[in-house]
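Enquirer: Pasting a structure here, questions to come.
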Amino acid sequence: MDTVGTLYVVATPIGNLEDITLRALRVLKAVDLIAAEDTRQTRKLLHHYGIATAMTSYYDGVEASKSTHLLERLKSGARIALVSDAGTPVISDPGFRLLQTAILNGIRVVPVPGASAVTAALSVSGLPVEHFAFEGFLAPRKKERRDQLSGLRGEKRTLVFFEASHRHGDVLEVLLEMRGDREVTLAREVTKAYEEFLRGPVSVIAEQLDTSRLRGECTVIVQGDQGKEPPTLAVLRAEIQRLHKQGLRVKEIAELLGEKYSYPKREIYRLAMARRELTIP
């Protein structure tokens with residue numbers, strides 16, 4: 001055995017257990033230990049392929065404490081495979097602390113590539129994928145989501161997000177407010193029995209979406225900024241009316257639409273005030 005071990009970063013299937021490489025199976029059989037985000041989930045994969053390698057849990061809550069122990073094992077010559085519940089570790093999954101610690105300590109780190117929800121969804125999205133930006137999970141609170149999307153204003157690359165099933169309606173609403181009615185692809189249950197891809201303008205997808213039957217995480221792919229012409233006054237007035245009905249204050253409407261359309265907030269404020277005065281009896 002080498003005096004210093006190796007850390008393998010192993011991609012595992014995102015749904016269909018057949019989507020694992022021969023190399024990944026060989027590595028999982030040969031290593032001394034598998035550090036798994038959820039040992040119960042990984043055990044299903046190992047059992048399916050008759051792999052009996054020992055496992056230890058490695059999730060967000062224990063990442064700090066477990067990294068030290070795993071590093072010591074690597075230093076002593078152990079070969080360890082890092083896996084997440086599904087897809088490629090470290091990509092919006094636990095593992096970064098261990099990976100960084102191993103690199104800083106001169107441990108050999110080997111990628112074993114395979115399934116990824118990002119590339120799987122992008123490849124069939126129907127949107128341009130020559131250049132894209134992966135933003136991970138959107139913030140859980142609506143205001144933070146707006147701030148996050150505001151920071152991406154003018155981004156011409158296709159955008160990719162992960163989202164929990166119970167927030168899909170919310171994220172589409174915020175996308176419509178902040179990015180306009182652009183093309184999106186919502187990918188759910190990718191590679192699984194109920195795989196589904198919803199493609200179209202945000203407003204259309206929001207109407208089609210039945211959140212009651214959504215399960216697990218989805219991948220949301222959003223068309224980049226197309227450099228469209230500034231909005232007409234009719235569009236702005238319609239947007240102001242829609243947001244006013246949602247209960248937003250005039251200042252909030254001005255901030256929101258100003259960011260969305262790169263339009264003077266003072267002018268939107270004036271239009272919103274004029275509309276409010278017209279509706280006050």
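Each chain in the structure tokens gets a letter, A, B and so on, in the order shown; residues start at 1 in every chain, and ligands are counted from 1 in the order they appear.
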Among stretch 111-279 of chain A, which residues carry a DSSP assignment of strand (DSSP E), reported as a PyMOL selection string?

Expert: chain A and resi 111-112+132-137+158-164+183-188+196-201+217-222

Enquirer: Extract, using only C-alpha atoms, all DNA, RNA and protein residues at most 8 Å from A:Ala81, discarding same-chain residues fewer than 2 positions from it, and format them as a VMD selection string.

Expert: chain A and resid 7 to 10 27 to 28 31 33 to 35 79 83

Enquirer: Just checking: using only C-alpha atoms, which residue out of A:Ala117, A:Leu271, A:Val160, A:Leu233 ends up closest to A:Asp93?

Expert: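 Selected residue with least distance to A:Asp93: A:Ala117.
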
Enquirer: Report, in Å to a single decimal, how far apart atom CA of A:Glu217 and atom CA of A:Gly180 are.

Expert: 23.3 Å

Enquirer: Show me, as a VMD selection string, the residues that have an atom within 10 Å of A:Asp32 when counting only C-alpha atoms, minus same-chain residues fewer than 6 positions from it.

Expert: chain A and resid 5 53 to 55 73 77 to 81

Enquirer: Determine, counting only C-alpha atoms, which protein, DNA and RNA residues have an atom within 9 Å of an atom of A:Leu98; residues of the same chain fewer than 6 positions away are not included. Present the result as a PyMOL selection string.

Expert: chain A and resi 63-64+66-68+70-71

Enquirer: Find the distance between atom CA of A:Tyr263 and atom CA of A:Thr232 and write it in Å to one decimal.

Expert: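 We find that atom CA of A:Tyr263 and atom CA of A:Thr232 lie 10.7 Å from each other.
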
Enquirer: Just checking: using only C-alpha atoms, which residue out of A:Val174, A:Leu82, A:Met273, A:Leu243 ends up closest to A:Val112?

Expert: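 That would be A:Leu82, the residue with the smallest distance to A:Val112.
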
Enquirer: Here is a test: counting only C-alpha atoms, which residue of A:Glu239, A:Asp19, A:Glu255, A:Glu130 is nearest to A:Ala115?

Expert: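 The closest residue to A:Ala115 is A:Asp19.
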
Enquirer: Considering only C-alpha atoms, can you say which of A:Val109, A:Ala24, A:Leu198, A:Ala206 comes closest to A:Gly169?

Expert: A:Ala206

Enquirer: Would you please extract all alpha helix (DSSP H) residues from stretch 63-233 of chain A, as assigned by DSSP on the backbone, and give them as a PyMOL selection string?

Expert: chain A and resi 63-75+96-104+117-123+142-150+168-179+202-208+233

Enquirer: Restricting the output to C-alpha atoms, write the selected residues as a PDB file, in the first residue's frame.

Expert:
ATOM      1  CA  GLU A  63     -18.614  17.387   7.441  1.00  0.00           C
ATOM      2  CA  ALA A  64     -16.393  19.420   9.765  1.00  0.00           C
ATOM      3  CA  SER A  65     -15.779  16.639  12.289  1.00  0.00           C
ATOM      4  CA  LYS A  66     -15.539  13.781   9.777  1.00  0.00           C
ATOM      5  CA  SER A  67     -13.055  15.579   7.492  1.00  0.00           C
ATOM      6  CA  THR A  68     -10.292  15.396  10.119  1.00  0.00           C
ATOM      7  CA  HIS A  69     -10.803  11.667  10.680  1.00  0.00           C
ATOM      8  CA  LEU A  70     -10.956  10.887   6.959  1.00  0.00           C
ATOM      9  CA  LEU A  71      -7.841  12.951   6.304  1.00  0.00           C
ATOM     10  CA  GLU A  72      -5.912  10.916   8.868  1.00  0.00           C
ATOM     11  CA  ARG A  73      -6.997   7.722   7.137  1.00  0.00           C
ATOM     12  CA  LEU A  74      -5.923   9.101   3.775  1.00  0.00           C
ATOM     13  CA  LYS A  75      -2.552  10.074   5.206  1.00  0.00           C
ATOM     14  CA  PHE A  96     -15.894  20.505  -0.525  1.00  0.00           C
ATOM     15  CA  ARG A  97     -14.262  20.626   2.916  1.00  0.00           C
ATOM     16  CA  LEU A  98     -12.794  17.126   2.562  1.00  0.00           C
ATOM     17  CA  LEU A  99     -11.710  17.797  -1.010  1.00  0.00           C
ATOM     18  CA  GLN A 100      -9.992  21.060  -0.101  1.00  0.00           C
ATOM     19  CA  THR A 101      -8.330  19.550   2.976  1.00  0.00           C
ATOM     20  CA  ALA A 102      -7.014  16.615   0.943  1.00  0.00           C
ATOM     21  CA  ILE A 103      -5.564  18.914  -1.717  1.00  0.00           C
ATOM     22  CA  LEU A 104      -3.894  21.155   0.864  1.00  0.00           C
ATOM     23  CA  ALA A 117     -28.412  16.595 -13.118  1.00  0.00           C
ATOM     24  CA  VAL A 118     -26.983  19.831 -14.542  1.00  0.00           C
ATOM     25  CA  THR A 119     -25.630  18.413 -17.785  1.00  0.00           C
ATOM     26  CA  ALA A 120     -28.441  15.873 -18.186  1.00  0.00           C
ATOM     27  CA  ALA A 121     -31.129  18.575 -18.064  1.00  0.00           C
ATOM     28  CA  LEU A 122     -29.128  21.054 -20.140  1.00  0.00           C
ATOM     29  CA  SER A 123     -28.567  18.535 -22.916  1.00  0.00           C
ATOM     30  CA  LYS A 142     -38.555  35.453  -1.830  1.00  0.00           C
ATOM     31  CA  LYS A 143     -36.668  38.698  -1.132  1.00  0.00           C
ATOM     32  CA  GLU A 144     -33.318  36.868  -1.226  1.00  0.00           C
ATOM     33  CA  ARG A 145     -34.348  35.199  -4.481  1.00  0.00           C
ATOM     34  CA  ARG A 146     -35.119  38.582  -5.987  1.00  0.00           C
ATOM     35  CA  ASP A 147     -31.740  39.886  -4.873  1.00  0.00           C
ATOM     36  CA  GLN A 148     -30.029  36.817  -6.329  1.00  0.00           C
ATOM     37  CA  LEU A 149     -31.769  37.186  -9.688  1.00  0.00           C
ATOM     38  CA  SER A 150     -31.189  40.932  -9.658  1.00  0.00           C
ATOM     39  CA  HIS A 168     -41.542  25.629  -7.892  1.00  0.00           C
ATOM     40  CA  GLY A 169     -44.557  27.900  -8.024  1.00  0.00           C
ATOM     41  CA  ASP A 170     -42.697  30.550  -6.049  1.00  0.00           C
ATOM     42  CA  VAL A 171     -39.564  30.419  -8.184  1.00  0.00           C
ATOM     43  CA  LEU A 172     -41.552  30.783 -11.413  1.00  0.00           C
ATOM     44  CA  GLU A 173     -43.367  33.780  -9.955  1.00  0.00           C
ATOM     45  CA  VAL A 174     -40.088  35.438  -9.005  1.00  0.00           C
ATOM     46  CA  LEU A 175     -38.530  34.585 -12.387  1.00  0.00           C
ATOM     47  CA  LEU A 176     -41.472  36.244 -14.135  1.00  0.00           C
ATOM     48  CA  GLU A 177     -41.102  39.346 -11.977  1.00  0.00           C
ATOM     49  CA  MET A 178     -37.332  39.662 -12.219  1.00  0.00           C
ATOM     50  CA  ARG A 179     -36.394  38.152 -15.588  1.00  0.00           C
ATOM     51  CA  VAL A 202     -42.392  31.174 -17.674  1.00  0.00           C
ATOM     52  CA  SER A 203     -46.056  32.242 -17.614  1.00  0.00           C
ATOM     53  CA  VAL A 204     -47.171  29.160 -19.573  1.00  0.00           C
ATOM     54  CA  ILE A 205     -45.164  26.738 -17.407  1.00  0.00           C
ATOM     55  CA  ALA A 206     -46.569  28.353 -14.259  1.00  0.00           C
ATOM     56  CA  GLU A 207     -50.098  27.653 -15.507  1.00  0.00           C
ATOM     57  CA  GLN A 208     -49.273  24.041 -16.462  1.00  0.00           C
ATOM     58  CA  LEU A 233     -45.507  52.128 -21.288  1.00  0.00           C
TER      59      LEU A 233
END

Enquirer: Applying 10 Å and only C-alpha atoms, which residues near stretch 249-252 of chain A remain after dropping the ones on its own chain fewer than 6 positions away? List them as number ranges by chain.

Expert: A: 240, 243, 258, 265-266, 268-273, 275-276

Enquirer: For atom CA of A:Gly136 and atom CA of A:Tyr59, quote the distance in Å rounded to one decimal.

Expert: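 Atom-to-atom, atom CA of A:Gly136 and atom CA of A:Tyr59 are spaced 17.3 Å apart.
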
Enquirer: Using only C-alpha atoms, can you tell me which of A:Glu189, A:Tyr58, A:Asp181, A:Gly247 comes closest to A:Val235?

Expert: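 The answer is A:Asp181, which sits nearest to A:Val235.
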
Enquirer: Between A:Leu159, A:Leu186, A:Val222, A:Leu236, which has the minimum distance to A:Leu256 (counting only C-alpha atoms)?

Expert: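 That would be A:Leu236, the residue with the smallest distance to A:Leu256.
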